[in-house]
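**Q** To be precise about what I am sending: the file is called final.txt and holds compact mmCIF, C-alpha atoms and all ligand atoms.
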```txt
# COMPACT_ATOMS: atom_id res chain seq x y z
CA MET A 1 0.00 0.00 0.00
CA LEU A 2 2.84 2.38 0.82
CA VAL A 3 4.41 1.76 -2.61
CA TRP A 4 1.09 2.73 -4.20
CA LEU A 5 0.49 5.80 -2.02
CA LEU A 6 4.07 7.12 -1.93
CA HIS A 7 5.28 6.25 -5.42
CA PHE A 8 2.11 6.62 -7.52
CA ARG A 9 -0.15 8.94 -5.50
CA GLY A 10 2.23 11.62 -4.16
CA GLY A 11 2.39 10.55 -0.49
CA LEU A 12 0.17 11.08 2.52
CA ASN A 13 -0.21 14.01 4.90
CA LEU A 14 -3.29 14.87 6.94
CA ASN A 15 -2.37 18.57 7.14
CA SER A 16 -1.37 19.08 3.51
CA HIS A 17 -2.97 21.65 1.19
CA ASP A 18 -3.07 18.95 -1.49
CA PRO A 19 -6.42 17.07 -1.06
CA ASN A 20 -4.94 13.94 -2.67
CA ARG A 21 -2.33 13.70 0.07
CA VAL A 22 -4.99 14.25 2.73
CA PHE A 23 -7.18 11.55 1.14
CA ASN A 24 -4.26 9.06 0.98
CA VAL A 25 -4.23 8.96 4.79
CA HIS A 26 -7.68 7.28 4.54
CA PRO A 27 -6.76 3.94 2.89
CA PHE A 28 -3.52 3.75 4.87
CA LEU A 29 -5.15 4.20 8.28
CA MET A 30 -8.23 2.14 7.39
CA PHE A 31 -6.04 -0.85 6.58
CA PHE A 32 -2.94 -0.54 8.82
CA GLY A 33 -4.91 1.13 11.60
CA PHE A 34 -8.52 -0.05 11.67
CA MET A 35 -8.47 -3.42 9.91
CA PHE A 36 -5.05 -4.61 11.09
CA PHE A 37 -5.65 -3.84 14.78
CA LEU A 38 -9.23 -5.15 14.78
CA ALA A 39 -7.86 -8.41 13.39
CA GLN A 40 -5.09 -8.53 16.03
CA GLY A 41 -7.76 -7.85 18.67
CA LEU A 42 -9.46 -11.11 17.59
CA VAL A 43 -6.39 -13.32 18.05
CA VAL A 44 -4.36 -11.94 20.95
CA TYR A 45 -5.03 -12.81 24.59
CA ASP A 46 -6.19 -9.38 25.74
CA GLY A 47 -7.40 -7.53 22.66
CA MET A 48 -8.67 -4.39 24.38
CA VAL A 49 -5.63 -2.23 23.58
CA CYS A 50 -5.75 -3.36 19.92
CA ARG A 51 -9.44 -2.47 19.72
CA VAL A 52 -8.93 0.98 21.17
CA VAL A 53 -6.05 1.61 18.73
CA ALA A 54 -8.24 0.35 15.83
CA ILE A 55 -11.04 2.75 16.73
CA SER A 56 -8.71 5.74 17.20
CA LEU A 57 -6.81 5.25 13.94
CA GLY A 58 -10.03 4.33 12.06
CA GLY A 59 -11.62 7.55 13.30
CA VAL A 60 -8.71 9.62 11.97
CA GLY A 61 -8.88 7.68 8.68
CA ILE A 62 -12.59 8.41 8.19
CA ARG A 63 -11.94 12.05 9.08
CA ALA A 64 -9.32 12.18 6.28
CA ALA A 65 -11.87 10.89 3.73
CA ILE A 66 -14.50 13.42 4.86
CA LYS A 67 -11.95 16.28 4.81
CA SER A 68 -10.85 15.61 1.23
CA HIS A 69 -14.28 14.53 -0.07
CA HIS A 70 -15.48 17.69 -1.84
CA THR A 71 -12.16 18.82 -3.27
CA LEU A 72 -11.65 15.41 -4.86
CA ASN A 73 -15.05 15.46 -6.53
CA PHE A 74 -16.48 12.40 -4.79
CA GLY A 75 -19.99 13.98 -4.77
CA SER A 76 -22.10 14.18 -1.62
CA HIS A 77 -21.15 12.31 1.56
CA MET A 78 -22.19 8.72 2.23
CA ARG A 79 -23.49 8.05 -1.28
CA SER A 80 -21.42 5.01 -2.24
CA LEU A 81 -21.96 1.41 -1.16
CA HIS A 82 -18.38 1.56 0.11
CA SER A 83 -19.12 4.36 2.54
CA TRP A 84 -22.26 2.54 3.81
CA ILE A 85 -20.45 -0.76 4.43
CA GLY A 86 -17.51 1.17 5.92
CA ILE A 87 -19.56 3.20 8.38
CA ALA A 88 -21.63 0.10 9.30
CA ALA A 89 -18.44 -1.87 10.07
CA PHE A 90 -17.00 0.97 12.10
CA SER A 91 -20.24 1.58 14.05
CA LEU A 92 -20.72 -2.12 14.82
CA PHE A 93 -17.14 -2.26 16.09
CA VAL A 94 -17.65 0.79 18.33
CA LEU A 95 -20.91 -0.70 19.68
CA GLU A 96 -19.23 -4.03 20.38
CA LEU A 97 -16.41 -2.33 22.27
CA ALA A 98 -18.87 -0.24 24.28
CA PHE A 99 -20.91 -3.35 25.25
CA GLY A 100 -17.67 -5.23 26.03
CA ILE A 101 -16.57 -2.49 28.42
CA LEU A 102 -20.02 -2.41 30.08
CA LYS A 103 -19.98 -6.20 30.48
CA CYS A 104 -16.50 -6.14 32.02
CA CYS A 105 -17.62 -3.43 34.46
CA GLY A 106 -20.70 -5.50 35.32
CA ASP A 107 -18.58 -8.63 35.90
CA ALA A 108 -16.13 -6.68 38.06
CA ALA A 109 -18.99 -5.17 40.10
CA GLU A 110 -20.44 -8.66 40.73
CA ASN A 111 -16.93 -9.86 41.63
CA SER A 112 -17.44 -12.63 39.11
CA LYS A 113 -14.81 -15.36 38.85
CA GLU A 114 -15.75 -15.95 35.20
CA LYS A 115 -13.08 -14.81 32.75
CA PRO A 116 -14.13 -11.90 30.51
CA ARG A 117 -14.84 -12.74 26.85
CA LYS A 118 -11.82 -12.03 24.70
CA SER A 119 -13.79 -11.18 21.58
CA GLY A 120 -17.45 -10.38 21.16
CA PRO A 121 -19.94 -12.33 19.02
CA THR A 122 -19.67 -9.81 16.16
CA GLY A 123 -15.85 -9.88 15.91
CA ARG A 124 -15.64 -11.95 12.72
CA THR A 125 -18.62 -10.16 11.19
CA VAL A 126 -16.83 -6.83 11.58
CA LEU A 127 -13.74 -8.36 9.95
CA TYR A 128 -15.80 -9.48 6.91
CA MET A 129 -17.45 -6.08 6.67
CA ALA A 130 -14.14 -4.22 6.95
CA THR A 131 -12.74 -6.46 4.18
CA CYS A 132 -15.69 -5.62 1.90
CA ALA A 133 -15.20 -1.93 2.74
CA ALA A 134 -11.47 -2.02 1.97
CA LEU A 135 -11.97 -3.83 -1.37
CA SER A 136 -14.89 -1.67 -2.48
CA GLY A 137 -12.84 1.40 -1.40
CA LEU A 138 -10.00 0.39 -3.72
CA MET A 139 -12.50 0.03 -6.58
CA GLU A 140 -14.10 3.37 -5.70
CA ARG A 141 -10.73 5.12 -5.74
CA SER A 142 -9.69 3.49 -9.00
CA ALA A 143 -12.94 4.59 -10.66
CA ALA A 144 -12.56 8.16 -9.33
CA MET A 145 -8.96 8.31 -10.58
CA ASP A 146 -10.04 7.20 -14.03
CA ASP A 147 -12.87 9.75 -14.15
CA LEU A 148 -10.70 12.65 -13.03
CA ASP A 149 -7.86 11.86 -15.36
CA GLY A 150 -10.06 11.40 -18.41
CA GLY A 151 -9.98 7.61 -18.47
CA GLY A 152 -6.20 7.18 -18.60
CA GLY A 153 -5.53 7.86 -14.92
CA ARG A 154 -3.90 4.57 -14.01
CA SER A 155 -0.87 3.04 -15.64
CA HIS A 156 -0.80 -0.72 -16.10
CA ARG A 157 1.74 -0.97 -13.29
CA GLU A 158 -0.42 1.01 -10.89
CA SER A 159 -3.44 -1.16 -11.70
CA THR A 160 -1.35 -4.26 -11.01
CA ILE A 161 -0.22 -2.86 -7.65
CA ILE A 162 -3.81 -2.01 -6.66
CA ASN A 163 -5.01 -5.51 -7.63
CA VAL A 164 -2.18 -7.22 -5.74
CA LEU A 165 -2.94 -5.02 -2.73
CA ALA A 166 -6.61 -6.01 -2.87
CA LEU A 167 -5.70 -9.71 -3.04
CA PHE A 168 -3.31 -9.28 -0.13
CA ILE A 169 -6.05 -7.64 1.98
CA LEU A 170 -8.39 -10.53 1.14
CA LEU A 171 -5.74 -13.13 2.04
CA PHE A 172 -4.98 -11.32 5.28
CA ALA A 173 -8.65 -11.44 6.30
CA VAL A 174 -9.04 -15.10 5.28
CA SER A 175 -5.95 -16.13 7.26
CA ILE A 176 -7.10 -14.26 10.38
CA ASP A 177 -10.54 -15.87 10.04
CA LYS A 178 -8.99 -19.34 9.69
CA ALA A 179 -6.77 -18.70 12.73
CA VAL A 180 -9.82 -17.76 14.81
CA VAL A 181 -11.83 -20.80 13.66
CA TYR A 182 -8.86 -23.11 14.33
CA ALA A 183 -8.17 -21.62 17.79
CA VAL A 184 -11.83 -21.94 18.78
CA ALA A 185 -11.89 -25.58 17.60
CA VAL A 186 -8.71 -26.44 19.54
CA ASN A 187 -8.92 -24.24 22.67
CA GLY A 188 -12.57 -23.32 22.74
CA ARG A 189 -11.44 -19.67 22.55
CA ALA A 190 -10.20 -17.39 19.77
CA ASP A 191 -6.93 -16.35 21.42
CA CYS A 192 -3.91 -18.62 21.71
CA MET A 193 -3.30 -18.44 25.46
CA PRO A 194 -3.34 -21.85 27.18
CA GLU A 195 -5.86 -22.33 30.01
CA ALA A 196 -4.34 -21.56 33.44
C1 LIG B 201 -12.09 -0.86 6.58
C2 LIG B 201 -11.76 -0.01 5.70
C3 LIG B 201 -12.53 1.24 5.32
C4 LIG B 201 -13.59 1.88 5.92
C5 LIG B 201 -14.31 1.47 7.20
C6 LIG B 201 -13.92 3.04 5.10
C7 LIG B 201 -14.92 3.97 5.38
C8 LIG B 201 -15.26 5.04 4.58
C9 LIG B 201 -16.33 5.99 4.84
C10 LIG B 201 -17.24 5.94 6.06
C11 LIG B 201 -16.33 6.89 3.84
C12 LIG B 201 -17.33 8.05 3.67
C13 LIG B 201 -16.69 9.40 3.85
C14 LIG B 201 -17.59 10.51 3.35
O1 LIG B 201 -18.75 10.28 3.00
O2 LIG B 201 -17.11 11.64 3.31
C15 LIG B 201 -15.29 6.51 2.90
C16 LIG B 201 -15.00 7.18 1.74
C17 LIG B 201 -14.10 6.75 0.80
N1 LIG B 201 -13.20 5.69 0.94
FE1 LIG B 201 -13.13 4.41 2.48
N2 LIG B 201 -13.05 3.08 4.04
C18 LIG B 201 -12.19 2.00 4.14
C19 LIG B 201 -11.15 1.67 3.30
C20 LIG B 201 -10.88 2.30 2.11
C21 LIG B 201 -9.83 1.94 1.21
C22 LIG B 201 -8.80 0.80 1.43
C23 LIG B 201 -9.91 2.77 0.15
C24 LIG B 201 -8.99 2.72 -1.03
C25 LIG B 201 -8.51 3.73 -1.60
C26 LIG B 201 -11.04 3.68 0.38
C27 LIG B 201 -11.49 4.67 -0.49
C28 LIG B 201 -12.50 5.56 -0.24
C29 LIG B 201 -12.95 6.57 -1.17
C30 LIG B 201 -12.47 6.76 -2.59
C31 LIG B 201 -13.95 7.32 -0.51
C32 LIG B 201 -14.71 8.55 -1.06
C33 LIG B 201 -15.84 8.15 -1.94
C34 LIG B 201 -16.96 7.50 -1.17
O3 LIG B 201 -17.61 8.15 -0.35
O4 LIG B 201 -17.15 6.30 -1.39
N3 LIG B 201 -11.59 3.36 1.59
N4 LIG B 201 -14.65 5.38 3.39
```
Once more with this new file: its structure as structure tokens, please.
Ligand code: HEM
**A**
Amino acid sequence: MLVWLLHFRGGLNLNSHDPNRVFNVHPFLMFFGFMFFLAQGLVVYDGMVCRVVAISLGGVGIRAAIKSHHTLNFGSHMRSLHSWIGIAAFSLFVLELAFGILKCCGDAAENSKEKPRKSGPTGRTVLYMATCAALSGLMERSAAMDDLDGGGGRSHRESTIINVLALFILLFAVSIDKAVVYAVAVNGRADCMPEA
């Protein structure tokens, strides 16, 4: 992704005057921030820190898309399927975290001996939705680039890099999903920590 954004798309900077550079923060943070950390939150023993990082970086990423939206001619806000799936994934994730925190507080108040759940019931659903958002986002961006540049916006090499990136994102999500399914089958839990 960095090769694409730095070499082909002029880099990324949230405070730049160039709207393209501001926009480029969006795909970077939505994958390496939101999606990566939400996936890590599913497989590590205590995923809370990962989930908080995912939400914080995802929030900045969405802010970057909103900030550069008009200048890059994307039309009105929240019109594309991508933006709907994206905001649904993000909102579900925030809700899950909020309920998780409430449940932990409830358990602590009752002095429960039961271990807190490491990942909520919607964890994998959010991962699927984030994957759909990331892939549809790449398509959305490619289409916008072609429109703006009169149809010849992407070189063959850039198209190849975008396609490889999309396949990599898909493989990443599939491997995390398989890891979760395998860990649940073996340990009865998604994380890899042995029972005490
Ligand atoms: C999990 C990952 C992602 C989420 C949750 C997400 C979420 C969003 C949201 C909520 C918007 C609407 C902003 C607005 O209306 O102003 C948006 C816009 C946009 N995103 Fe993403 N995004 C993700 C990944 C990506 C990726 C990887 C790309 C690739 C370049 C991308 C490209 C775009 C584009 C071009 C827009 C503006 C056009 C539109 O509204 O569809 N997104 N994204």
**Q** Using only C-alpha atoms and all ligand atoms, which residues of the polymer chains come no farther than 7 Å from ligand LIG 201 (chain B)? I'd like the answer as a count of residues only.
**A** 35
**Q** Between A:Val60, A:Arg9, A:Lys178, A:Leu170, which one has atoms that come closest to Ser155 of chain A, using only C-alpha atoms?
**A**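 Going through A:Val60, A:Arg9, A:Lys178, A:Leu170 one by one, the smallest distance to Ser155 of chain A is for A:Arg9.
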**Q** Would you please work out which residue, of A:Ser159, A:Ser136, A:Ser91, A:Thr125, is nearest to Leu42 of chain A when using all atoms listed in the file?
**A** A:Thr125
**Q** What gap, in Å, lies between atom CA of Gly61 of chain A and atom CA of Gly33 of chain A?
**A**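 Atom-to-atom, atom CA of Gly61 of chain A to atom CA of Gly33 of chain A, that is 8.2 Å.
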**Q** Interatomic distance between atom CA of Phe36 of chain A and atom CA of Leu72 of chain A?
**A**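 Separation of atom CA of Phe36 of chain A and atom CA of Leu72 of chain A: 26.4 Å.
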**Q** What's the separation between atom CA of Ala183 of chain A and atom CA of Ile169 of chain A, in Å to one decimal place?
**A**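 Separation of atom CA of Ala183 of chain A and atom CA of Ile169 of chain A: 21.2 Å.
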**Q** Please write out, as AutoDock Vina command-line options, where the centre of an axis-aligned box around all listed atoms of segment 167-179 of chain A lies and how long its edges are, in Å to one decimal, after adding 6 Å on each side.
**A**
```
--center_x -6.9 --center_y -13.5 --center_z 4.8 --size_x 19.2 --size_y 23.7 --size_z 27.8
```
**Q** Of the residues A:Ile161, A:Leu97, A:Leu167, A:Gly10, which is the one nearest to Val53 of chain A, using only C-alpha atoms?
**A** A:Leu97
**Q** Quick one: everything within 10 Å of Phe8 of chain A, counting all atoms listed in the file, minus sequence neighbours fewer than 5 positions away in the same chain. Send it as a list of chain:residue names.
**A**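 Everything that qualifies: A:Leu2, A:Val3, A:Arg154, A:Ser155, A:Arg157, A:Glu158, A:Ile161.
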**Q** With all atoms listed in the file as the basis for distance, which of A:Phe37, A:Tyr128, A:Phe99, A:Trp4 is at the shortest distance from Val49 of chain A?
**A**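 Closest candidate: A:Phe37.
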**Q** Could you check the closest approach to Phe172 of chain A for each of A:Val184, A:Ala64, A:Leu57, A:Ala39 and tell me which residue wins, using only C-alpha atoms?
**A** A:Ala39
**Q** With distances taken over all atoms listed in the file, which residue among A:Leu127, A:Ser16, A:Asn73, A:Glu96 lies nearest Ser175 of chain A?
**A**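 Smallest distance to Ser175 of chain A is found for A:Leu127.
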**Q** At the level of C-alpha atoms, write segment 8-24 of chain A to a file as an mmCIF file, in the first residue's frame, please.
**A**
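Output saved as part-v1.cif:
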```
data_model
loop_
_atom_site.group_PDB
_atom_site.id
_atom_site.type_symbol
_atom_site.label_atom_id
_atom_site.label_comp_id
_atom_site.auth_asym_id
_atom_site.auth_seq_id
_atom_site.Cartn_x
_atom_site.Cartn_y
_atom_site.Cartn_z
ATOM 1 C CA PHE A 8 2.114 6.623 -7.524
ATOM 2 C CA ARG A 9 -0.145 8.942 -5.496
ATOM 3 C CA GLY A 10 2.231 11.617 -4.159
ATOM 4 C CA GLY A 11 2.394 10.553 -0.493
ATOM 5 C CA LEU A 12 0.167 11.085 2.520
ATOM 6 C CA ASN A 13 -0.210 14.008 4.902
ATOM 7 C CA LEU A 14 -3.292 14.865 6.944
ATOM 8 C CA ASN A 15 -2.374 18.568 7.142
ATOM 9 C CA SER A 16 -1.369 19.077 3.514
ATOM 10 C CA HIS A 17 -2.974 21.654 1.189
ATOM 11 C CA ASP A 18 -3.072 18.947 -1.491
ATOM 12 C CA PRO A 19 -6.419 17.068 -1.058
ATOM 13 C CA ASN A 20 -4.940 13.942 -2.667
ATOM 14 C CA ARG A 21 -2.335 13.700 0.074
ATOM 15 C CA VAL A 22 -4.994 14.248 2.727
ATOM 16 C CA PHE A 23 -7.177 11.550 1.140
ATOM 17 C CA ASN A 24 -4.258 9.064 0.984
#
```
